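K.L.:
Structure incoming, see below.
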Amino acid sequence: MKFSAGDMVTVNLVDVIDLYDEQFGPNEQARAVSRLTSADTAVVVSLSSHDGRCVYIIGPHGAGWTFGAFLKRVK
């Protein structure tokens, strides 16, 4: 699914996802800085510039990067 800044999202298919301090890359060691649960709603702030797979979100427990595949848009 493709997201845009300002979209409201929640977790898709799992109960909890970790949010990371950096975008994911082949040799990067990102660290988890927050989480988003299936009961939470977050807002998309930014998309990764190089491939669009990662999104930066702000949720009730903090902010960070995750893969868009772990999210679904709230209707």
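A note on labels: chains of the structure tokens are A, B, ... as shown, every chain counts residues from 1, and ligands are counted from 1 in their shown order.
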Within 10 Å of Ala32 in chain A, counting only C-alpha atoms, which residues show up once you throw out same-chain ones fewer than 5 positions away? Write them as a count of residues only, please.
P.N.:
9
K.L.:
Using only C-alpha atoms, determine which residues lie at most 8 Å from range 40-44 of chain A, disregarding the query and same-chain residues fewer than 3 positions distant; provide the list as a PyMOL selection string.
P.N.:
chain A and resi 3-11+36-37+47+55-60+74
K.L.:
Quick check, in Å to one decimal: how far apart do CA of Gln23 in chain A and CA of Lys2 in chain A lie?
P.N.:
16.7 Å
K.L.:
In range 21-57 of chain A, what's strand (DSSP E) per DSSP? Answer as a count of residues only?
P.N.:
16
K.L.:
Quick one: distance from CA of Val14 in chain A to CA of Arg35 in chain A in Å, one decimal?
P.N.:
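Taking CA of Val14 in chain A as the start and CA of Arg35 in chain A as the end point, the length is 12.2 Å.
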K.L.:
Between CA of Asn12 in chain A and CA of Ser49 in chain A, what is the distance in Å, rounded to a tenth?
P.N.:
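Those two atoms sit 22.8 Å apart.
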K.L.:
Name the residues in contact with Arg53 in chain A at a cut-off of 7 Å, using only C-alpha atoms, excluding same-chain residues fewer than 5 positions from it; report them as a VMD selection string.
P.N.:
chain A and resid 48 67 to 68
